[in-house]
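Undergrad: First the structure, then my questions, so here it is.
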Amino acid sequence: MLSFETQTEAYYNFEPQKTALVLVDMQRDFLEAGGFGDIQSGGNLQAVRAVVAPIMRLLNAARDAGLTVIHTREGHAPDLSDCPTPKLNRQRFDLKIGDVGRTGSRLLIRGEAFHDIVPSLAPFPGEFVIDKTGKGAFYRTDLHPLLVDLSISHLLICGVTTECCVFTTATEANDRGFEVCIVSDCTDGYQPIKDVMLNLFCSADGLLGYVADSARIISALE
Ligand code: TIU
């Protein structure tokens, strides 16, 4: 059993063979200029791009330690038939889901170049990729049965954005009985509310789960 101290001073105890590192939506559409996130955030990509390097370090340590690695991607069918109506309706900008962006990729559409995970975090053979249409990675996906099949009980969650898909996925996982730790320096978003979201997540001695810095997790894995 490995262990590291978390933000609330509680210890997160985990067995590597029962633990998955989950990288949420580290896609070109959310991180690169001209993508969906760039348009939605008004060009505020600095914070989300800054998490790529710390995620690479944690991903290397997780791979070396033999953790299961799961990547998620948000996107829709080319005909948008799987896009929830509220998601289509609540768009503030001229360029919308399914439109061709200035990169030539259609925004947030499966199969487009910008739907891919950024090259530096590209999945290795044997790692899992979960395609999702919602914010949370459990909604209408095979993630839960996959985790059960793999006997995974603990999830270390990274990715973008903290306020949206990371928080939703982490809370969905908590409700499903997983011990969740969000990795604080490996997640960020388009809005300046990361600390609020993370403090809420681990408030009251673990209302929804744990929060910890990647340095502590890497130390535990070494
Ligand atoms: N991955 C993810 O967070 N999708 C979003 O749409 N995020 C926003 O913050 N909009």
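In the structure tokens, each chain is lettered A, B, ... as it comes, each chain's residues begin at 1, and ligands are numbered from 1 in order of appearance.
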Per residue of chain A within 8 Å of ligand 1, record the nearest atom pair and its distance in Å to one decimal, counting only C-alpha atoms and all ligand atoms, with rows in chain order and ascending residue number, as CSV.
TA:
residue,atom,partner,partner_atom_place_in_ligand_line,distance
A:Val24,CA,ligand 1,1 (N),6.6
A:Asp25,CA,ligand 1,1 (N),5.0
A:Met26,CA,ligand 1,1 (N),7.7
A:Phe30,CA,ligand 1,1 (N),6.9
A:Gly37,CA,ligand 1,10 (N),6.5
A:Gln40,CA,ligand 1,10 (N),6.6
A:Ser41,CA,ligand 1,10 (N),7.6
A:Arg73,CA,ligand 1,1 (N),7.7
A:Glu74,CA,ligand 1,1 (N),6.3
A:Lys135,CA,ligand 1,4 (N),6.0
A:Gly159,CA,ligand 1,1 (N),7.8
A:Val160,CA,ligand 1,3 (O),5.2
A:Thr161,CA,ligand 1,3 (O),3.9
A:Thr162,CA,ligand 1,3 (O),6.8
A:Glu163,CA,ligand 1,9 (O),6.2
A:Cys164,CA,ligand 1,3 (O),4.3
A:Cys165,CA,ligand 1,3 (O),3.9
A:Val166,CA,ligand 1,3 (O),6.5
A:Gly189,CA,ligand 1,9 (O),6.2
A:Tyr190,CA,ligand 1,9 (O),6.0
A:Gln191,CA,ligand 1,9 (O),7.7
Undergrad: Near A:Glu179, within 8 Å and counting only C-alpha atoms, which residues show up once chain neighbours fewer than 2 positions away are dropped, as a list in words?
TA: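 The filter keeps Ser153, His154, Leu155, Ala173, Asn174, Gly177, Cys181 and Gly209 of chain A.
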Undergrad: Go ahead and dump the residues you just picked, N, CA and C atoms, as an mmCIF file, in the first residue's frame.
TA:
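Full text of out00.cif as output:
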data_model
loop_
_atom_site.group_PDB
_atom_site.id
_atom_site.type_symbol
_atom_site.label_atom_id
_atom_site.label_comp_id
_atom_site.auth_asym_id
_atom_site.auth_seq_id
_atom_site.Cartn_x
_atom_site.Cartn_y
_atom_site.Cartn_z
ATOM 1 N N SER A 153 -10.184 0.792 -7.815
ATOM 2 C CA SER A 153 -10.969 1.417 -6.739
ATOM 3 C C SER A 153 -10.571 2.878 -6.506
ATOM 4 N N HIS A 154 -9.399 3.277 -7.007
ATOM 5 C CA HIS A 154 -8.848 4.607 -6.737
ATOM 6 C C HIS A 154 -8.547 5.346 -8.035
ATOM 7 N N LEU A 155 -8.931 6.612 -8.090
ATOM 8 C CA LEU A 155 -8.720 7.415 -9.293
ATOM 9 C C LEU A 155 -7.954 8.684 -8.948
ATOM 10 N N ALA A 173 -17.541 10.052 -10.027
ATOM 11 C CA ALA A 173 -16.752 8.909 -9.542
ATOM 12 C C ALA A 173 -16.979 8.695 -8.048
ATOM 13 N N ASN A 174 -17.030 9.790 -7.298
ATOM 14 C CA ASN A 174 -17.269 9.679 -5.855
ATOM 15 C C ASN A 174 -18.615 9.002 -5.585
ATOM 16 N N GLY A 177 -18.537 5.290 -5.807
ATOM 17 C CA GLY A 177 -17.782 4.509 -4.825
ATOM 18 C C GLY A 177 -16.285 4.469 -5.023
ATOM 19 N N CYS A 181 -8.861 11.423 -5.984
ATOM 20 C CA CYS A 181 -7.969 12.535 -5.654
ATOM 21 C C CYS A 181 -7.769 13.371 -6.914
ATOM 22 N N GLY A 209 -13.987 14.138 -1.883
ATOM 23 C CA GLY A 209 -12.760 13.392 -2.134
ATOM 24 C C GLY A 209 -11.542 14.161 -1.652
#
Undergrad: Write out as an MDAnalysis selection string which residues come within 10 Å of A:Met56 when counting only C-alpha atoms, dropping same-chain ones fewer than 5 positions away.
TA: chainID A and resid 51 61:62 120:121 186
Undergrad: Write out, as a compact mmCIF listing (two decimals), in the first residue's frame, the residues just selected, with C-alpha atoms.
TA:
# COMPACT_ATOMS: atom_id res chain seq x y z
CA VAL A 51 -0.85 21.89 -16.89
CA ALA A 61 5.75 8.25 -13.09
CA ALA A 62 2.36 6.50 -13.35
CA SER A 120 2.88 15.19 -25.83
CA LEU A 121 0.21 13.26 -23.89
CA CYS A 186 -2.39 19.05 -13.06
Undergrad: Would you compute the distance between atom CA of A:Glu127 and atom CA of A:Ala47? Give it in Å to one decimal.
TA: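 Separation of atom CA of A:Glu127 and atom CA of A:Ala47: 26.0 Å.
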Undergrad: Between A:Asn13, A:Val183, A:Asp99, A:Phe138, single out the one closest to A:Phe201, counting only C-alpha atoms.
TA: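 Using only C-alpha atoms, A:Phe201 sits closest to A:Val183.
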Undergrad: Need to verify the contact set: A:Ala65, 10 Å, only C-alpha atoms, exclusion of same-chain residues closer than 3 positions in sequence. Can you return it as a short mmCIF file (atom, residue, chain, number, x, y, z; two decimals) with C-alpha atoms, in the first residue's frame?
TA:
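Final output, saved to out-v1.cif:
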data_model
loop_
_atom_site.label_atom_id
_atom_site.label_comp_id
_atom_site.auth_asym_id
_atom_site.auth_seq_id
_atom_site.Cartn_x
_atom_site.Cartn_y
_atom_site.Cartn_z
CA PRO A 16 -0.94 0.85 -7.63
CA GLN A 17 -2.63 -2.14 -9.25
CA LEU A 59 2.05 10.39 -16.46
CA ASN A 60 5.66 9.18 -16.78
CA ALA A 61 5.75 8.25 -13.09
CA ALA A 62 2.36 6.50 -13.35
CA THR A 68 -3.75 2.00 -15.36
CA ILE A 218 5.29 11.10 -7.67
CA LEU A 221 5.20 6.19 -6.66
CA GLU A 222 9.02 6.24 -6.74
#
Undergrad: Which polymer residues have any atom within 9 Å of an atom of A:Leu80, counting only C-alpha atoms, with same-chain residues fewer than 6 positions away left out, as a VMD selection string?
TA: chain A and resid 88 97 to 98 109
Undergrad: Can you list every residue in stretch 1-107 of chain A that DSSP puts in alpha helix (DSSP H), as a count of residues only?
TA: 32
